[in-house]
file upload-v3.csv (CSV, C-alpha atoms)
chain,number,residue,atom,x,y,z
A,1,MET,CA,0.0,0.0,0.0
A,2,PRO,CA,1.5,3.4,-1.0
A,3,LEU,CA,2.3,5.8,1.8
A,4,GLU,CA,-0.2,8.3,0.6
A,5,SER,CA,-2.9,5.9,1.6
A,6,VAL,CA,-1.9,5.9,5.3
A,7,ALA,CA,-4.6,8.1,6.5
A,8,GLY,CA,-7.3,5.9,5.2
A,9,ALA,CA,-5.5,2.7,6.0
A,10,MET,CA,-5.3,3.5,9.7
A,11,ARG,CA,-9.0,3.9,9.8
A,12,VAL,CA,-9.6,0.4,8.5
A,13,ALA,CA,-10.3,-2.3,11.1
A,14,TYR,CA,-7.9,-5.3,11.0
A,15,GLY,CA,-9.6,-8.4,12.2
A,16,GLY,CA,-12.1,-6.4,14.2
A,17,GLY,CA,-9.3,-4.3,15.8
A,18,VAL,CA,-6.9,-1.5,15.1
A,19,PRO,CA,-3.9,-2.9,13.0
A,20,ALA,CA,-0.2,-2.4,13.6
A,21,VAL,CA,1.3,-0.3,10.8
A,22,GLU,CA,4.9,-0.3,9.6
A,23,ILE,CA,6.9,1.3,6.9
A,24,VAL,CA,8.4,-1.2,4.5
A,25,LEU,CA,11.5,-0.9,2.3
A,26,PRO,CA,10.7,-3.5,-0.4
A,27,HIS,CA,14.1,-3.3,-2.1
A,28,ALA,CA,16.4,-0.6,-3.4
A,29,VAL,CA,14.0,2.2,-4.1
A,30,GLU,CA,13.7,6.0,-4.0
A,31,PRO,CA,12.1,7.3,-0.8
A,32,GLU,CA,8.7,7.5,-2.6
A,33,GLY,CA,9.0,3.7,-3.1
A,34,LEU,CA,8.5,3.0,0.6
A,35,LEU,CA,5.3,1.1,1.4
A,36,LEU,CA,2.9,1.0,4.3
A,37,ARG,CA,1.9,-2.4,5.6
A,38,GLU,CA,-0.8,-3.3,8.0
A,39,LYS,CA,-0.5,-6.4,10.2
A,40,PRO,CA,-1.9,-7.7,13.4
A,41,ILE,CA,-0.3,-6.2,16.5
A,42,PRO,CA,2.5,-8.6,17.4
A,43,ARG,CA,2.7,-10.5,20.6
A,44,PRO,CA,5.9,-10.5,22.6
A,45,GLY,CA,8.0,-13.7,23.1
A,46,PRO,CA,8.8,-14.8,26.7
A,47,HIS,CA,11.8,-12.5,27.1
A,48,GLU,CA,10.4,-9.6,25.0
A,49,ALA,CA,8.2,-6.6,25.5
A,50,LEU,CA,5.6,-5.1,23.2
A,51,ILE,CA,6.1,-1.3,22.7
A,52,ARG,CA,3.5,1.1,21.3
A,53,VAL,CA,6.0,3.3,19.5
A,54,GLU,CA,5.7,7.1,20.0
A,55,ALA,CA,8.8,8.2,18.1
A,56,SER,CA,11.5,6.7,15.9
A,57,GLY,CA,14.6,8.2,14.5
A,58,MET,CA,16.0,8.7,11.0
A,59,SER,CA,19.7,7.9,10.5
A,60,PHE,CA,22.4,7.6,7.9
A,61,ASP,CA,21.9,3.9,8.0
A,62,ASP,CA,18.4,4.2,6.7
A,63,MET,CA,19.7,6.2,3.8
A,64,LEU,CA,22.1,3.4,3.0
A,65,MET,CA,19.6,0.6,3.5
A,66,ARG,CA,17.4,1.9,0.7
A,67,ARG,CA,20.5,1.9,-1.6
A,68,CYS,CA,21.4,-1.6,-0.5
A,69,THR,CA,24.8,-0.3,0.6
A,70,CYS,CA,24.5,-0.6,4.4
A,71,LEU,CA,27.4,-2.7,5.8
A,72,ASP,CA,25.1,-5.1,7.7
A,73,ARG,CA,23.3,-6.8,4.9
A,74,ARG,CA,19.5,-6.9,5.2
A,75,VAL,CA,16.9,-9.2,3.7
A,76,PHE,CA,14.2,-7.4,1.8
A,77,PRO,CA,11.4,-6.5,2.4
A,78,MET,CA,12.5,-4.9,5.7
A,79,VAL,CA,11.4,-2.2,8.1
A,80,PRO,CA,14.0,0.6,8.6
A,81,GLY,CA,14.7,2.4,11.9
A,82,ARG,CA,17.6,2.0,14.2
A,83,ASP,CA,15.9,3.3,17.4
A,84,LEU,CA,12.6,3.9,18.9
A,85,VAL,CA,10.9,5.3,22.0
A,86,GLY,CA,7.5,4.3,23.3
A,87,VAL,CA,5.3,2.8,26.0
A,88,VAL,CA,5.4,-0.9,27.0
A,89,THR,CA,1.9,-2.4,26.6
A,90,GLU,CA,2.7,-6.0,27.2
A,91,ALA,CA,5.5,-8.0,28.8
A,92,GLY,CA,6.4,-11.6,27.9
A,93,ALA,CA,6.0,-14.4,30.4
A,94,ALA,CA,9.7,-14.2,31.4
A,95,ALA,CA,10.0,-10.4,31.3
A,96,ASP,CA,9.5,-8.0,34.2
A,97,PRO,CA,5.8,-7.2,34.4
A,98,GLY,CA,6.7,-3.9,35.9
A,99,LEU,CA,7.7,-2.8,32.5
A,100,VAL,CA,4.1,-2.4,31.4
A,101,GLY,CA,3.1,1.3,31.3
A,102,ARG,CA,6.8,2.5,31.3
A,103,ARG,CA,8.2,4.7,28.6
A,104,VAL,CA,11.3,3.1,27.2
A,105,ALA,CA,14.0,3.5,24.5
A,106,ALA,CA,15.7,0.9,22.4
A,107,VAL,CA,18.4,0.9,19.8
A,108,VAL,CA,17.7,-1.9,17.4
A,109,PRO,CA,19.2,-3.4,14.2
A,110,GLY,CA,16.0,-2.3,12.3
A,111,GLY,CA,12.2,-2.2,12.6
A,112,GLY,CA,11.7,1.1,14.4
A,113,TRP,CA,9.5,2.7,11.8
A,114,ALA,CA,6.3,1.2,13.0
A,115,THR,CA,3.4,1.7,15.5
A,116,HIS,CA,4.1,-1.5,17.5
A,117,VAL,CA,7.4,-3.4,17.9
A,118,THR,CA,8.5,-6.3,20.0
A,119,VAL,CA,12.0,-5.9,21.6
A,120,ALA,CA,14.1,-8.0,23.9
A,121,ALA,CA,13.3,-6.7,27.4
A,122,ALA,CA,17.1,-6.6,28.2
A,123,ALA,CA,17.6,-4.1,25.4
A,124,LEU,CA,15.2,-1.5,26.9
A,125,THR,CA,16.3,1.7,28.7
A,126,ALA,CA,13.8,3.5,30.9
A,127,VAL,CA,13.1,7.1,29.8
A,128,PRO,CA,12.8,9.4,32.9
A,129,ASP,CA,9.8,11.5,33.6
A,130,GLY,CA,10.2,14.9,32.1
A,131,LEU,CA,11.9,13.7,28.9
A,132,GLY,CA,9.5,13.4,26.0
A,133,ALA,CA,9.6,10.7,23.4
A,134,VAL,CA,10.8,12.9,20.6
A,135,ASP,CA,13.7,14.3,22.7
A,136,ALA,CA,14.6,10.9,23.9
A,137,VAL,CA,14.9,9.4,20.4
A,138,ALA,CA,16.9,12.4,19.3
A,139,LEU,CA,19.6,11.2,21.8
A,140,ALA,CA,19.2,7.4,21.4
A,141,TYR,CA,21.2,6.0,18.5
A,142,PRO,CA,23.2,9.2,17.9
A,143,GLY,CA,24.1,9.3,21.6
A,144,LEU,CA,25.3,5.7,21.7
A,145,LEU,CA,27.4,6.3,18.5
A,146,ALA,CA,28.8,9.6,19.7
A,147,TRP,CA,29.8,8.1,23.1
A,148,HIS,CA,31.3,5.1,21.5
A,149,MET,CA,33.5,7.2,19.2
A,150,LEU,CA,34.5,9.7,21.8
A,151,HIS,CA,35.3,7.4,24.7
A,152,ASP,CA,35.7,3.8,23.4
A,153,LEU,CA,37.6,4.6,20.2
A,154,ALA,CA,39.3,8.0,20.6
A,155,GLY,CA,39.6,8.2,24.4
A,156,VAL,CA,39.0,11.9,24.3
A,157,ARG,CA,40.5,13.8,27.3
A,158,SER,CA,40.3,17.3,28.7
A,159,GLY,CA,42.3,19.9,26.9
A,160,GLN,CA,42.3,18.1,23.5
A,161,VAL,CA,41.2,19.7,20.3
A,162,LEU,CA,38.8,17.9,17.9
A,163,ALA,CA,37.6,18.5,14.4
A,164,VAL,CA,34.0,17.5,13.6
A,165,PRO,CA,32.8,17.8,10.0
A,166,GLY,CA,29.0,17.9,10.1
A,167,ALA,CA,29.0,19.2,13.7
A,168,PRO,CA,25.4,20.4,13.6
A,169,GLY,CA,24.1,17.1,12.1
A,170,TRP,CA,22.1,14.2,13.5
A,171,VAL,CA,25.1,12.8,15.4
A,172,GLY,CA,27.2,15.9,15.6
A,173,THR,CA,24.9,17.9,17.8
A,174,THR,CA,25.3,15.3,20.5
A,175,LEU,CA,28.9,14.5,19.8
A,176,VAL,CA,29.9,18.2,20.2
A,177,GLN,CA,28.1,18.4,23.6
A,178,LEU,CA,29.7,15.2,24.9
A,179,ALA,CA,33.1,16.4,23.8
A,180,GLY,CA,32.6,19.6,25.7
A,181,HIS,CA,31.6,17.6,28.8
A,182,ALA,CA,34.9,15.8,28.5
A,183,GLY,CA,36.8,19.1,28.4
A,184,ALA,CA,37.7,19.1,24.7
A,185,GLN,CA,37.5,22.0,22.4
A,186,VAL,CA,35.7,21.4,19.1
A,187,ILE,CA,36.3,22.8,15.6
A,188,GLY,CA,32.9,22.4,13.9
A,189,VAL,CA,32.9,22.2,10.1
A,190,SER,CA,29.7,22.7,8.2
A,191,SER,CA,27.8,24.6,5.6
A,192,THR,CA,26.6,28.2,5.7
A,193,ARG,CA,23.0,26.8,5.9
A,194,GLN,CA,23.7,24.6,8.9
A,195,LEU,CA,25.8,27.1,10.7
A,196,ALA,CA,23.2,29.8,10.4
A,197,GLY,CA,20.6,27.5,12.1
A,198,VAL,CA,22.8,26.4,15.1
A,199,THR,CA,22.1,27.8,18.5
A,200,GLY,CA,23.6,26.7,21.8
A,201,LEU,CA,26.4,24.5,20.5
A,202,ASP,CA,29.8,25.4,21.8
A,203,PHE,CA,32.3,25.0,18.9
A,204,ILE,CA,34.5,27.1,16.7
A,205,PRO,CA,32.6,27.3,13.3
A,206,VAL,CA,34.4,26.7,10.0
A,207,ASP,CA,32.2,27.2,6.9
A,208,HIS,CA,33.4,24.8,4.2
A,209,TRP,CA,31.4,26.8,1.6
A,210,VAL,CA,33.6,29.9,2.0
A,211,GLU,CA,36.8,28.8,3.8
A,212,ASP,CA,39.7,26.4,3.1
A,213,VAL,CA,39.0,23.9,5.8
A,214,SER,CA,42.5,22.4,6.1
A,215,GLU,CA,44.1,25.9,6.2
A,216,ARG,CA,41.6,27.1,8.8
A,217,VAL,CA,42.2,24.0,11.0
A,218,ARG,CA,45.9,24.5,10.8
A,219,GLN,CA,45.5,28.1,12.0
A,220,LEU,CA,43.4,27.0,15.0
A,221,ALA,CA,45.6,24.0,15.8
A,222,PRO,CA,49.1,24.5,14.4
A,223,ASP,CA,50.3,21.1,15.6
A,224,GLY,CA,47.2,19.3,14.4
A,225,VAL,CA,44.1,18.1,16.1
A,226,ASP,CA,43.8,15.2,18.5
A,227,ALA,CA,40.9,13.6,16.6
A,228,VAL,CA,38.7,14.1,13.6
A,229,PHE,CA,35.2,12.6,13.5
A,230,ASP,CA,34.4,12.4,9.8
A,231,THR,CA,30.9,11.6,8.6
A,232,ILE,CA,31.4,12.8,5.0
A,233,GLY,CA,33.9,10.3,3.8
A,234,GLY,CA,35.3,10.1,0.2
A,235,PRO,CA,37.4,13.1,-0.6
A,236,THR,CA,37.4,14.5,2.9
A,237,LEU,CA,39.2,11.5,4.5
A,238,PRO,CA,42.7,12.3,3.3
A,239,GLU,CA,42.2,15.9,4.4
A,240,SER,CA,41.0,14.7,7.8
A,241,TRP,CA,44.0,12.5,8.1
A,242,GLU,CA,46.4,15.4,7.4
A,243,GLN,CA,44.7,17.5,10.0
A,244,LEU,CA,45.8,15.1,12.8
A,245,ASN,CA,48.7,15.7,15.1
A,246,LYS,CA,51.4,13.1,15.5
A,247,ALA,CA,49.3,11.0,17.9
A,248,GLY,CA,45.8,11.8,16.5
A,249,ILE,CA,43.0,9.5,15.5
A,250,LEU,CA,40.7,9.7,12.5
A,251,VAL,CA,37.2,8.2,13.3
A,252,SER,CA,35.2,7.6,10.1
A,253,TYR,CA,31.5,7.0,10.8
A,254,GLY,CA,29.9,7.7,7.4
A,255,HIS,CA,30.4,8.3,3.7
A,256,PHE,CA,27.8,10.9,2.8
A,257,ALA,CA,29.8,12.2,-0.1
A,258,THR,CA,29.9,8.7,-1.8
A,259,ARG,CA,26.5,7.4,-0.8
A,260,ASP,CA,25.5,7.1,-4.4
A,261,VAL,CA,28.6,5.4,-5.7
A,262,PRO,CA,27.7,1.8,-6.6
A,263,GLY,CA,29.6,-1.2,-5.2
A,264,ASP,CA,29.5,-3.9,-2.6
A,265,PRO,CA,29.4,-2.4,0.9
A,266,VAL,CA,31.6,-5.2,2.3
A,267,GLU,CA,34.2,-4.6,-0.3
A,268,ARG,CA,34.0,-0.8,0.2
A,269,HIS,CA,34.5,-1.3,4.0
A,270,ALA,CA,37.5,-3.7,3.4
A,271,ALA,CA,39.1,-1.1,1.0
A,272,LEU,CA,38.6,1.6,3.6
A,273,VAL,CA,40.2,-0.4,6.4
A,274,ALA,CA,43.1,-1.3,4.1
A,275,GLN,CA,43.6,2.4,3.2
A,276,PHE,CA,43.6,3.3,6.9
A,277,ASP,CA,46.1,0.5,7.7
A,278,ALA,CA,48.3,1.8,4.9
A,279,TRP,CA,48.2,5.3,6.2
A,280,ALA,CA,49.0,4.2,9.8
A,281,ALA,CA,51.9,2.1,8.5
A,282,THR,CA,53.6,5.2,7.3
A,283,SER,CA,52.9,7.2,10.5
A,284,THR,CA,54.7,7.3,13.8
A,285,GLY,CA,51.5,7.4,15.9
A,286,ARG,CA,48.4,8.4,14.0
A,287,ARG,CA,45.5,6.0,13.7
A,288,ALA,CA,42.4,5.7,11.7
A,289,VAL,CA,39.3,3.5,12.5
A,290,VAL,CA,35.8,2.9,11.2
A,291,ALA,CA,33.0,3.3,13.7
A,292,ASP,CA,29.9,1.1,13.2
A,293,LEU,CA,27.8,0.1,16.2
A,294,PHE,CA,26.1,-2.7,14.2
A,295,ALA,CA,29.1,-4.2,12.4
A,296,ALA,CA,29.3,-7.2,14.7
A,297,GLY,CA,25.6,-7.3,15.6
A,298,PRO,CA,23.5,-5.2,18.0
A,299,PRO,CA,25.2,-3.2,20.7
A,300,ASP,CA,25.7,-4.9,24.1
A,301,PRO,CA,22.4,-4.4,26.0
A,302,ALA,CA,24.1,-3.6,29.4
A,303,TRP,CA,26.4,-1.1,27.8
A,304,SER,CA,23.5,0.5,25.9
A,305,ARG,CA,21.4,0.9,29.1
A,306,THR,CA,24.3,2.4,31.0
A,307,VAL,CA,25.2,5.0,28.3
A,308,LEU,CA,21.6,5.9,27.4
A,309,SER,CA,20.6,6.2,31.1
A,310,GLY,CA,23.5,8.7,31.5
A,311,LEU,CA,22.4,10.6,28.4
A,312,PHE,CA,18.8,10.8,29.5
A,313,GLU,CA,19.8,11.9,33.0
A,314,ALA,CA,22.0,14.6,31.5
A,315,ALA,CA,19.1,15.8,29.3
A,316,THR,CA,16.6,15.9,32.1
A,317,GLY,CA,19.1,17.9,34.2
A,318,GLY,CA,19.6,20.4,31.4
A,319,ARG,CA,23.2,19.4,30.7
A,320,LEU,CA,22.5,17.8,27.3
A,321,ARG,CA,20.2,19.3,24.7
A,322,PRO,CA,18.4,17.1,22.2
A,323,TYR,CA,18.4,18.8,18.8
A,324,VAL,CA,15.3,18.0,16.7
A,325,ALA,CA,15.5,19.2,13.1
A,326,ALA,CA,11.9,18.2,12.2
A,327,THR,CA,9.1,15.8,13.1
A,328,TYR,CA,6.9,13.9,10.6
A,329,PRO,CA,4.0,11.6,11.0
A,330,LEU,CA,4.9,8.0,10.4
A,331,GLY,CA,2.9,8.0,7.2
A,332,GLU,CA,5.1,10.8,5.8
A,333,ALA,CA,8.3,8.8,6.1
A,334,ALA,CA,9.0,9.2,2.4
A,335,ALA,CA,9.0,13.0,2.6
A,336,ALA,CA,11.0,12.8,5.8
A,337,LEU,CA,13.7,10.6,4.3
A,338,ARG,CA,13.8,12.8,1.2
A,339,GLU,CA,14.5,15.9,3.3
A,340,PHE,CA,17.0,14.1,5.5
A,341,GLU,CA,19.0,13.0,2.5
A,342,VAL,CA,19.2,16.6,1.2
A,343,GLY,CA,21.3,17.3,4.3
A,344,GLY,CA,22.0,20.6,6.0
A,345,MET,CA,19.5,20.1,8.8
A,346,VAL,CA,20.4,20.8,12.5
A,347,GLY,CA,19.8,17.8,14.6
A,348,ARG,CA,17.6,14.7,14.2
A,349,VAL,CA,14.6,14.0,11.9
A,350,VAL,CA,12.0,12.1,13.9
A,351,LEU,CA,8.9,10.1,12.9
A,352,VAL,CA,6.0,10.3,15.3
A,353,ASN,CA,2.9,8.3,16.0
A,354,ASP,CA,-0.3,9.8,17.4

call {"tool": "encode", "arguments": {"input": "upload-v3.csv", "output": "structure tokens"}}
result
Amino acid sequence: MPLESVAGAMRVAYGGGVPAVEIVLPHAVEPEGLLLREKPIPRPGPHEALIRVEASGMSFDDMLMRRCTCLDRRVFPMVPGRDLVGVVTEAGAAADPGLVGRRVAAVVPGGGWATHVTVAAAALTAVPDGLGAVDAVALAYPGLLAWHMLHDLAGVRSGQVLAVPGAPGWVGTTLVQLAGHAGAQVIGVSSTRQLAGVTGLDFIPVDHWVEDVSERVRQLAPDGVDAVFDTIGGPTLPESWEQLNKAGILVSYGHFATRDVPGDPVERHAALVAQFDAWAATSTGRRAVVADLFAAGPPDPAWSRTVLSGLFEAATGGRLRPYVAATYPLGEAAAALREFEVGGMVGRVVLVND
């Protein structure tokens, strides 16, 4: 069923009751090729919980999934969506019954773009009172990824200087704030459009539309930066590598610039790792790594709960701001994805269910 039929579809009874609705990616299609599918509301397994989804996020992964170039290969048809926030309506026989009625968040391999989702109870993180579903999902997957890159991969410390291309983006807004919490100074690289829309983020802006980025970074950090977090990929990676100091690290977590270049994603990843290894072999201390939370399967549930709980606590305490670029009804997922892929937005694009 085409997405434009969603309003009527959700008024149709399914087996005498209201159906579950999900957005389906049938194969490699343009955003307008997404489908809406009705099905009975699923029942949770023994160790699962059923969540009535209130909000789900849009990520770079979703953009790659529709191109069939996401590193973790998917079987089509599939439902996109790496994270979700909602209320538990049913707990499985072996799950904690106290979950029912709680607002929770989950970062998942896929399936978030739906009205009802079953998730392993161990993978759920409680969302504190005072933090809405949209704000919580704005911090979910981006927050885990940002934390992983800053602390697990780069080991960022107080006093360091970091460069963040795409600083106002869907991950960058959280990454910049967490870097500041760690005591690091951030050079944020972006476009005139994005920089004009940023408020409240503490970074030194560099406009790649009007400035020579490498030259400006050299002026700000004559000895090089301690880390670059690069979501652009392609032609920016050699530049990012050269911006590092003698002990710096390049963390690549996207390839926005080459998203439409055809090719096998596994081969692309292997070639990138080989390139990074070759660069490191000629360096006395610099490193380059690829960040992918799902490369080896879903993130560890205990780790996810710990990190997300900390992020949510910081948000409710006013120390971390969720940036939301736009919200769309679930049935307008195609329009949301199209706008997200254009780029230049500040923060997260979020799909919401009434």

call {"tool": "closest_residue", "arguments": {"input": "upload-v3.csv", "among": "A:Trp241, A:Trp279, A:Trp147, A:Phe229", "to": "A:Tyr253", "atoms": "all atoms listed in the file"}}
result
A:Phe229

call {"tool": "residues_around", "arguments": {"input": "upload-v3.csv", "residues": "A:Phe60", "least_positions_apart": "3", "cutoff": "12 Å", "atoms": "all atoms listed in the file", "output": "VMD selection string"}}
result
chain A and resid 57 63 to 67 69 to 71 80 to 82 141 to 142 145 169 to 171 231 to 232 253 to 257 259 292 337 340 to 343 348 to 349

call {"tool": "residues_around", "arguments": {"input": "upload-v3.csv", "residues": "A:Thr115", "least_positions_apart": "4", "cutoff": "8 Å", "atoms": "all atoms listed in the file", "output": "VMD selection string"}}
result
chain A and resid 20 to 22 52 to 54 353

call {"tool": "closest_residue", "arguments": {"input": "upload-v3.csv", "among": "A:Asp62, A:Asp152, A:Glu239, A:Asp129", "to": "A:Glu30", "atoms": "all atoms listed in the file"}}
result
A:Asp62

call {"tool": "closest_residue", "arguments": {"input": "upload-v3.csv", "among": "A:Leu36, A:Asp72, A:Pro109, A:Val100", "to": "A:Pro299", "atoms": "all atoms listed in the file"}}
result
A:Pro109

call {"tool": "closest_residue", "arguments": {"input": "upload-v3.csv", "among": "A:Ala94, A:Ala333, A:Gly172, A:Met345", "to": "A:Pro31", "atoms": "all atoms listed in the file"}}
result
A:Ala333

call {"tool": "closest_residue", "arguments": {"input": "upload-v3.csv", "among": "A:Pro165, A:Gly180, A:Gly317, A:Gly297", "to": "A:Gly233", "atoms": "all atoms listed in the file"}}
result
A:Pro165

call {"tool": "closest_residue", "arguments": {"input": "upload-v3.csv", "among": "A:Leu330, A:Val307, A:Ala278, A:Val87", "to": "A:Arg37", "atoms": "all atoms listed in the file"}}
result
A:Leu330

call {"tool": "atom_distance", "arguments": {"input": "upload-v3.csv", "atom1": "atom CA of A:Ala163", "atom2": "atom CA of A:Val186"}}
result
5.8 Å

call {"tool": "atom_distance", "arguments": {"input": "upload-v3.csv", "atom1": "atom CA of A:Asp135", "atom2": "atom CA of A:Arg305"}}
result
16.7 Å

call {"tool": "atom_distance", "arguments": {"input": "upload-v3.csv", "atom1": "atom CA of A:Val156", "atom2": "atom CA of A:Ala302"}}
result
22.1 Å

call {"tool": "residues_around", "arguments": {"input": "upload-v3.csv", "residues": "A:Val117", "least_positions_apart": "3", "cutoff": "8 Å", "atoms": "only C-alpha atoms", "output": "PDB file with C-alpha atoms, keeping the file's coordinate frame"}}
result
ATOM      1  CA  PRO A  42       2.500  -8.600  17.400  1.00  0.00           C
ATOM      2  CA  LEU A  50       5.600  -5.100  23.200  1.00  0.00           C
ATOM      3  CA  ILE A  51       6.100  -1.300  22.700  1.00  0.00           C
ATOM      4  CA  ARG A  52       3.500   1.100  21.300  1.00  0.00           C
ATOM      5  CA  VAL A  53       6.000   3.300  19.500  1.00  0.00           C
ATOM      6  CA  GLY A 111      12.200  -2.200  12.600  1.00  0.00           C
ATOM      7  CA  GLY A 112      11.700   1.100  14.400  1.00  0.00           C
ATOM      8  CA  ALA A 114       6.300   1.200  13.000  1.00  0.00           C
TER       9      ALA A 114
END

call {"tool": "residues_near_point", "arguments": {"input": "upload-v3.csv", "point": "(36.6, 0.9, 15.2)", "cutoff": "8 Å", "atoms": "all atoms listed in the file", "output": "VMD selection string"}}
result
chain A and resid 153 251 289 to 292

call {"tool": "residues_around", "arguments": {"input": "upload-v3.csv", "residues": "A:Thr284", "least_positions_apart": "2", "cutoff": "7 Å", "atoms": "only C-alpha atoms", "output": "list of chain:residue names"}}
result
A:Lys246, A:Thr282, A:Arg286
